[in-house]
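Working notes, structure below.
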Amino acid sequence: MIGNHIQPDEITFTNILTAISSLGPSELEKVVQIHQQITQRKFDSNVILINSLIKTYTKCGELSKSIKLYNHMIGNNITRDKTTLITILATISSLGPGALEKGKKIHQHITKHKLDTNRAVINSLIQMYNNCGEPNKSIELYDRMIENNIKPNKMNFASILSIISNLGPSALEKGKQIHQQITHR
């Protein structure tokens, strides 16, 4: 494409990153090259493109680069949308307990901007807290979702039941309560 003097645009780069992300860590060098081209062409404020970069770096195992991109968004007042938040929460989740404080900051942003009514965002928060060693916070988020009349979907139920099942016998009553919610939908 470039050899034919056709310059890639944001859509082209997004599609390339989507294709490369499915190939995994072996393509990290290409991702870095594409990221450099994106920066050179001043496309590094495009939220869709940054989301694609975050997701691709995460799939390539470069979690620190994903977080660096997220921080770039914050530092440059680039709007973080639901996709950004879901993607970065997945990255934080994969880092485990050491990333809990980062996850809490993202949660504060979500609450401040009233994005905590979206089931996919809530589910990402539930997963993040559990994977970062705070399963009771996950349950608290689920309960708050119910209190706010946000109807759980299959993913919410699957996530919370998985968390509860790992807590053992002490969570049996909570499991029964959620089972009732499922059967009375």
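Convention: chains lettered A, B, ... in structure tokens order; per-chain residue numbering from 1; ligands numbered from 1 as shown.
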Problem set entry | Surrounding residues of Glu62 in chain A excluding itself and chain neighbours under 5 positions, 10 Å, only C-alpha atoms, as a ChimeraX atom specification | /A:25,28,54-57,67,91
Exercise. Could you name the residues that touch Met128 in chain A at 7 Å or less, counting only C-alpha atoms, but leaving out those on the same chain fewer than 6 positions away, as a VMD selection string?
Worked result: chain A and resid 89 to 90 92 to 93
Exercise. Residues at most 12 Å from Arg185 in chain A, counting only C-alpha atoms, excluding those fewer than 3 positions away in the same chain, as a ChimeraX atom specification?
Worked result: /A:151-154,157,178-182
For this session: Using only C-alpha atoms, determine which residues lie at most 10 Å from Ile20 in chain A, disregarding the query and same-chain residues fewer than 3 positions distant; provide the list as a VMD selection string.
Result: chain A and resid 14 to 17 23 to 28 30 to 31 56 59 to 60
Problem set entry | range 134-177 of chain A: residues DSSP assigns to alpha helix (DSSP H), reported as an MDAnalysis selection string | chainID A and resid 135:147 154:167 172:177
Seminar exercise, completed: Across A:His184, A:Asn136, A:Leu141, A:Ile38, the smallest distance to Leu167 in chain A, with only C-alpha atoms counted, is shown by A:Asn136
Exercise. Suppose you want the space between CA of Met155 in chain A and CA of Val47 in chain A; what is it in Å?
Worked result: 25.5 Å
